[in-house]
$ cat coords-v7.txt   # compact mmCIF, C-alpha atoms (C1' of nucleotides)
# COMPACT_ATOMS: atom_id res chain seq x y z
CA MET A 29 71.05 57.58 -58.49
CA ALA A 30 68.20 59.50 -60.06
CA ALA A 31 66.30 58.92 -56.84
CA LEU A 32 68.55 61.42 -55.07
CA ALA A 33 68.01 64.10 -57.67
CA ASP A 34 64.77 65.48 -56.29
CA PRO A 35 65.15 67.83 -53.32
CA THR A 36 61.92 66.55 -51.79
CA ARG A 37 63.33 63.04 -51.74
CA ARG A 38 66.54 64.33 -50.21
CA ALA A 39 64.42 66.00 -47.52
CA ILE A 40 62.64 62.71 -46.89
CA LEU A 41 65.96 60.94 -46.48
CA ASP A 42 67.08 63.64 -44.08
CA ARG A 43 63.91 63.20 -42.02
CA LEU A 44 64.67 59.48 -41.89
CA ARG A 45 68.19 59.92 -40.52
CA ASP A 46 66.88 59.81 -36.96
CA GLY A 47 64.90 56.64 -37.49
CA PRO A 48 61.82 55.16 -39.15
CA ARG A 49 58.82 57.41 -39.56
CA ALA A 50 55.27 57.13 -40.84
CA VAL A 51 53.91 58.72 -43.99
CA GLY A 52 51.72 61.27 -42.25
CA ASP A 53 54.56 62.24 -39.97
CA LEU A 54 56.82 62.82 -42.95
CA ALA A 55 54.20 64.75 -44.90
CA ALA A 56 53.51 66.99 -41.90
CA GLY A 57 57.04 68.40 -42.06
CA LEU A 58 57.18 68.76 -45.82
CA PRO A 59 55.68 71.41 -48.08
CA VAL A 60 53.98 68.83 -50.30
CA SER A 61 50.86 66.76 -49.91
CA ARG A 62 50.72 63.23 -48.58
CA PRO A 63 50.15 61.51 -51.95
CA ALA A 64 53.28 63.21 -53.25
CA VAL A 65 55.20 61.82 -50.30
CA SER A 66 53.79 58.38 -51.04
CA GLN A 67 55.00 58.61 -54.62
CA HIS A 68 58.47 59.68 -53.51
CA LEU A 69 58.54 56.86 -50.99
CA ARG A 70 57.66 54.45 -53.76
CA VAL A 71 60.52 55.75 -55.87
CA LEU A 72 62.95 55.49 -52.98
CA CYS A 73 61.78 51.98 -52.15
CA ASP A 74 62.11 50.97 -55.78
CA ALA A 75 65.66 52.35 -55.78
CA GLY A 76 66.48 50.16 -52.80
CA LEU A 77 67.19 53.05 -50.47
CA LEU A 78 64.19 52.58 -48.19
CA ALA A 79 62.40 49.69 -46.51
CA VAL A 80 58.81 49.67 -45.33
CA THR A 81 57.57 48.01 -42.14
CA PRO A 82 53.79 47.78 -41.69
CA GLU A 83 53.07 48.65 -38.09
CA GLY A 84 49.39 48.06 -37.56
CA ASN A 85 47.56 50.80 -39.31
CA ARG A 86 50.70 52.78 -40.20
CA ARG A 87 53.60 52.07 -42.50
CA LEU A 88 57.04 52.91 -41.16
CA TYR A 89 59.74 53.78 -43.69
CA ALA A 90 63.42 53.43 -42.80
CA LEU A 91 66.78 53.90 -44.49
CA VAL A 92 68.48 50.84 -45.97
CA PRO A 93 72.27 51.07 -45.67
CA GLY A 94 72.77 48.71 -48.62
CA GLY A 95 71.26 51.08 -51.13
CA ILE A 96 73.50 53.91 -50.01
CA SER A 97 76.51 51.64 -50.15
CA ASP A 98 76.11 51.20 -53.89
CA LEU A 99 76.19 54.93 -54.51
CA ARG A 100 79.17 55.29 -52.22
CA TYR A 101 81.01 52.67 -54.23
CA TYR A 102 80.31 54.48 -57.48
CA LEU A 103 81.48 57.83 -56.14
CA ASP A 104 84.52 56.13 -54.65
CA GLY A 105 85.62 54.83 -58.04
CA LEU A 106 84.94 58.16 -59.67
CA TRP A 107 86.93 59.95 -57.00
CA ASP A 108 89.85 57.56 -57.43
CA ASP A 109 89.91 57.94 -61.21
CA ALA A 110 89.59 61.72 -60.89
CA LEU A 111 92.62 61.87 -58.64
CA ASP A 112 94.58 59.62 -60.98
CA ALA A 113 93.67 61.67 -64.04
CA PHE A 114 94.47 64.86 -62.16
CA ALA A 115 97.93 63.61 -61.19
CA ARG A 116 98.58 62.42 -64.74
CA ALA A 117 97.54 65.77 -66.20
CA ALA A 118 99.71 67.64 -63.75
CA ARG A 119 102.65 65.39 -64.58
CA ALA A 120 102.10 65.87 -68.30
CA GLU A 121 101.74 69.61 -67.88
CA GLY A 122 105.07 70.19 -66.20
CA THR A 123 107.77 67.60 -66.69
CA ARG A 124 110.18 69.55 -64.50
CA LYS A 125 107.78 69.58 -61.60
CA PRO A 126 108.13 66.78 -59.07
CA ASP A 127 105.66 63.95 -58.94
CA PRO A 128 102.54 65.36 -57.26
CA LYS A 129 101.13 62.37 -55.43
CA PRO A 130 97.79 63.35 -53.91
CA GLN A 131 96.72 61.44 -50.86
CA LYS A 132 93.43 59.58 -51.09
CA GLU A 133 91.31 60.00 -48.04
CA MET B 164 73.67 66.29 -56.83
CA ALA B 165 71.06 66.86 -59.49
CA ALA B 166 73.94 67.05 -61.96
CA LEU B 167 74.46 63.30 -61.56
CA ALA B 168 70.83 62.48 -62.26
CA ASP B 169 71.05 62.51 -66.04
CA PRO B 170 72.50 59.34 -67.58
CA THR B 171 74.17 61.35 -70.34
CA ARG B 172 76.08 63.36 -67.75
CA ARG B 173 77.06 60.15 -65.99
CA ALA B 174 78.36 58.88 -69.33
CA ILE B 175 80.36 62.08 -69.77
CA LEU B 176 81.90 61.62 -66.33
CA ASP B 177 82.74 58.03 -67.22
CA ARG B 178 84.44 59.16 -70.43
CA LEU B 179 86.48 61.61 -68.36
CA ARG B 180 87.78 58.97 -65.95
CA ASP B 181 90.77 58.32 -68.20
CA GLY B 182 91.70 61.99 -68.43
CA PRO B 183 90.72 65.31 -69.96
CA ARG B 184 88.97 65.20 -73.31
CA ALA B 185 87.66 67.71 -75.83
CA VAL B 186 84.01 68.34 -76.63
CA GLY B 187 84.08 66.79 -80.09
CA ASP B 188 85.85 63.74 -78.74
CA LEU B 189 83.19 63.32 -76.08
CA ALA B 190 80.31 63.87 -78.47
CA ALA B 191 81.76 61.31 -80.89
CA GLY B 192 81.25 58.54 -78.34
CA LEU B 193 77.83 59.65 -77.20
CA PRO B 194 74.44 59.25 -78.86
CA VAL B 195 73.63 62.96 -78.59
CA SER B 196 74.72 65.98 -80.57
CA ARG B 197 77.59 68.29 -79.73
CA PRO B 198 75.47 71.15 -78.42
CA ALA B 199 73.78 68.79 -75.98
CA VAL B 200 77.20 67.75 -74.73
CA SER B 201 78.13 71.41 -74.34
CA GLN B 202 75.03 72.03 -72.25
CA HIS B 203 75.77 69.04 -70.04
CA LEU B 204 79.34 70.21 -69.66
CA ARG B 205 78.06 73.60 -68.59
CA VAL B 206 75.85 72.01 -65.97
CA LEU B 207 78.70 69.87 -64.69
CA CYS B 208 81.05 72.85 -64.57
CA ASP B 209 78.43 74.87 -62.73
CA ALA B 210 78.07 72.04 -60.23
CA GLY B 211 81.81 72.15 -59.59
CA LEU B 212 82.45 68.64 -60.87
CA LEU B 213 84.39 69.62 -64.00
CA ALA B 214 87.10 72.09 -64.91
CA VAL B 215 87.79 73.47 -68.38
CA THR B 216 91.24 74.14 -69.83
CA PRO B 217 91.35 76.03 -73.14
CA GLU B 218 93.97 74.33 -75.26
CA GLY B 219 94.38 76.46 -78.34
CA ASN B 220 91.31 75.93 -80.44
CA ARG B 221 89.86 73.19 -78.29
CA ARG B 222 88.53 73.10 -74.74
CA LEU B 223 89.63 70.23 -72.54
CA TYR B 224 87.28 69.18 -69.74
CA ALA B 225 88.57 67.29 -66.73
CA LEU B 226 87.19 65.88 -63.49
CA VAL B 227 87.59 67.97 -60.35
CA PRO B 228 88.08 65.78 -57.27
CA GLY B 229 86.77 68.50 -54.98
CA GLY B 230 83.26 68.40 -56.39
CA ILE B 231 83.09 64.63 -55.98
CA SER B 232 84.40 64.92 -52.46
CA ASP B 233 81.37 66.96 -51.42
CA LEU B 234 78.96 64.28 -52.62
CA ARG B 235 81.04 61.61 -50.95
CA TYR B 236 80.81 63.52 -47.70
CA TYR B 237 77.02 63.77 -47.96
CA LEU B 238 76.61 60.07 -48.68
CA ASP B 239 79.04 59.28 -45.89
CA GLY B 240 76.88 61.11 -43.36
CA LEU B 241 73.74 59.49 -44.70
CA TRP B 242 75.36 56.08 -44.54
CA ASP B 243 76.45 56.64 -40.96
CA ASP B 244 73.03 57.81 -39.85
CA ALA B 245 71.38 54.94 -41.68
CA LEU B 246 73.57 52.42 -39.88
CA ASP B 247 72.89 54.10 -36.56
CA ALA B 248 69.14 54.15 -37.11
CA PHE B 249 69.25 50.54 -38.27
CA ALA B 250 71.15 49.42 -35.17
CA ARG B 251 68.76 51.35 -32.93
CA ALA B 252 65.74 49.79 -34.63
CA ALA B 253 67.25 46.33 -34.31
CA ARG B 254 67.99 46.91 -30.65
CA ALA B 255 64.47 48.15 -29.99
CA GLU B 256 63.08 45.14 -31.81
CA GLY B 257 65.28 42.55 -30.15
CA THR B 258 65.20 43.68 -26.52
CA ARG B 259 61.46 44.24 -26.72
CA LYS B 260 61.77 46.55 -23.77
CA PRO B 261 59.13 49.27 -23.55
CA ASP B 262 61.04 52.28 -24.81
CA PRO B 263 59.56 55.41 -23.30
CA LYS B 264 60.15 57.75 -26.24
CA PRO B 265 62.81 56.73 -28.75
CA GLN B 266 61.58 59.09 -31.45
CA LYS B 267 62.59 62.70 -31.23
CA GLU B 268 59.25 64.19 -32.20
C1' DC C 226 94.23 87.67 -95.46
C1' DA C 227 90.92 84.09 -96.45
C1' DT C 228 89.17 79.80 -94.91
C1' DC C 229 88.33 76.00 -92.07
C1' DT C 230 87.77 73.61 -87.79
C1' DG C 231 86.05 73.57 -83.15
C1' DC C 232 82.99 75.28 -79.63
C1' DG C 233 79.49 77.97 -77.25
C1' DT C 234 74.84 80.02 -77.42
C1' DT C 235 69.93 80.72 -78.54
C1' DA C 236 65.23 79.51 -79.84
C1' DG C 237 62.02 76.10 -80.20
C1' DT C 238 60.02 71.41 -79.55
C1' DC C 239 59.16 67.46 -77.00
C1' DA C 240 59.47 64.11 -73.32
C1' DT C 241 59.84 63.22 -68.38
C1' DG C 242 58.64 63.97 -63.90
C1' DT C 243 56.27 66.22 -60.04
C1' DC C 244 52.17 67.90 -57.64
C1' DT C 245 47.21 68.05 -56.60
C1' DT C 246 42.37 66.35 -56.22
C1' DA C 247 39.42 62.53 -55.74
C1' DC C 248 38.71 57.75 -54.68
C1' DC C 249 39.25 53.07 -52.54
C1' DG C 250 41.00 49.51 -49.37
C1' DT C 251 42.41 48.41 -44.63
C1' DA C 252 43.11 48.51 -39.61
C1' DA C 253 41.76 50.45 -35.09
C1' DG C 254 37.97 52.27 -31.85
C1' DC C 255 33.13 52.91 -30.23
C1' DG D 2 28.74 46.36 -37.12
C1' DC D 3 29.57 51.20 -38.04
C1' DT D 4 32.56 55.13 -38.06
C1' DT D 5 37.09 57.21 -38.23
C1' DA D 6 42.06 57.50 -39.20
C1' DC D 7 45.77 56.17 -42.25
C1' DG D 8 47.81 55.22 -46.48
C1' DG D 9 48.14 53.74 -51.52
C1' DT D 10 46.44 54.55 -56.30
C1' DA D 11 44.56 56.93 -60.71
C1' DA D 12 43.93 60.74 -63.60
C1' DG D 13 44.99 65.19 -64.96
C1' DA D 14 47.42 69.76 -65.04
C1' DC D 15 51.68 71.84 -64.78
C1' DA D 16 56.60 72.79 -64.66
C1' DT D 17 61.19 71.39 -65.53
C1' DG D 18 64.63 69.66 -68.32
C1' DA D 19 66.84 67.44 -72.42
C1' DC D 20 67.55 67.44 -77.33
C1' DT D 21 68.00 69.40 -82.15
C1' DA D 22 68.75 72.98 -85.64
C1' DA D 23 70.68 77.35 -86.81
C1' DC D 24 73.80 81.00 -85.80
C1' DG D 25 78.00 83.56 -84.21
C1' DC D 26 82.76 83.83 -82.42
C1' DA D 27 87.64 82.64 -81.65
C1' DG D 28 91.87 80.21 -82.97
C1' DA D 29 94.59 77.69 -86.34
C1' DT D 30 96.15 76.92 -91.15
C1' DG D 31 97.31 77.80 -95.92

$ encode --input "coords-v7.txt" --output "structure tokens"
Amino acid sequence: MAALADPTRRAILDRLRDGPRAVGDLAAGLPVSRPAVSQHLRVLCDAGLLAVTPEGNRRLYALVPGGISDLRYYLDGLWDDALDAFARAARAEGTRKPDPKPQKE
Amino acid sequence: MAALADPTRRAILDRLRDGPRAVGDLAAGLPVSRPAVSQHLRVLCDAGLLAVTPEGNRRLYALVPGGISDLRYYLDGLWDDALDAFARAARAEGTRKPDPKPQKE
DNA sequence: CATCTGCGTTAGTCATGTCTTACCGTAAGC
DNA sequence: GCTTACGGTAAGACATGACTAACGCAGATG
């Protein structure tokens, strides 16, 4: 979760949406140096969000859907509990009001 | 997004899953002081994840589903693109056909 | 009206994390 | 076999952020 905090790492993930890319290719489109990109890639790999594929002399980094799935699950539960707490608070606030049942999308 | 990076803020969100709570109540169950909790609450409110309801002398903080929805949407798009890129990479690997230019560079 | 509780704010200190420069190992090309 | 391109690593400077202590303000209570 902390891996998504840095905007540079978010930019790296955005660059990887189209497919795997090499380190130099990523660093060319980012305002930071290549070692910084390597460090961010290490963090993202350690978080399980990225996978590396050595392709000859280069190293191709790609998104790993499994790592994102975990975060989605966490936010899903938080969203569900937030809706539940919101409905309960609204019900407690006005007893005369009808039961506000929010739809979960 | 950066608001979810700090573990203390995540703990605050977890405490708020059951419903709105006051600052002192939150700080009592956390290993940090009350002012720190106030600062984290300010950050979370600024991020749109929390809403405050002055209840007499106290201030009740509650989860706002809308703020979580935005993060869910972002992760949803990232998940979708990751799956797409993964399927494309698997197809390129399996068919072993000489792709002319799969990358969009 | 006086006092107490609860909360937000500020200033200051300290830890964490990010970026850069320099260096080394490894794979391709002549 | 030598040179070049590519990428990871280490050390250091720097900025950002989190935490505590002290203070001030508003609402409730007697």

$ closest_atom_pairs --input "coords-v7.txt" --of "chain A" --to "chain D" --cutoff "10 Å" --atoms "all atoms listed in the file" --output "Markdown table"
| residue | atom | partner | partner_atom | distance |
| --- | --- | --- | --- | --- |
| A:Ala50 | CA | D:DG8 | C1' | 9.5 |
| A:Val51 | CA | D:DG8 | C1' | 7.5 |
| A:Gly52 | CA | D:DC7 | C1' | 7.8 |
| A:Arg62 | CA | D:DG8 | C1' | 8.8 |
| A:Pro63 | CA | D:DG9 | C1' | 8.0 |
| A:Ser66 | CA | D:DG9 | C1' | 7.3 |
| A:Gln67 | CA | D:DG9 | C1' | 9.0 |
| A:Arg70 | CA | D:DG9 | C1' | 9.8 |
| A:Asn85 | CA | D:DC7 | C1' | 6.4 |
| A:Arg86 | CA | D:DC7 | C1' | 6.3 |
| A:Arg87 | CA | D:DG8 | C1' | 7.7 |

$ calpha_fit_rmsd --input "coords-v7.txt" --fixed "chain A" --moving "chain B"
5.3 Å

$ interface_residues --input "coords-v7.txt" --of "chain C" --to "chain B" --cutoff "8 Å" --atoms "all atoms listed in the file" --output "list in words"
DG231, DC232 and DG233 of chain C

$ interface_residues --input "coords-v7.txt" --of "chain B" --to "chain A" --cutoff "10 Å" --atoms "only C-alpha atoms" --output "ChimeraX atom specification"
/B:164-170,173,176-177,179-183,212-213,225-232,234-252,265-268

$ atom_distance --input "coords-v7.txt" --atom1 "CA of Val195 in chain B" --atom2 "CA of Thr171 in chain B"
8.4 Å

$ atom_distance --input "coords-v7.txt" --atom1 "CA of His203 in chain B" --atom2 "CA of Ala39 in chain A"
25.4 Å

$ atom_distance --input "coords-v7.txt" --atom1 "CA of Glu83 in chain A" --atom2 "CA of Leu54 in chain A"
15.4 Å
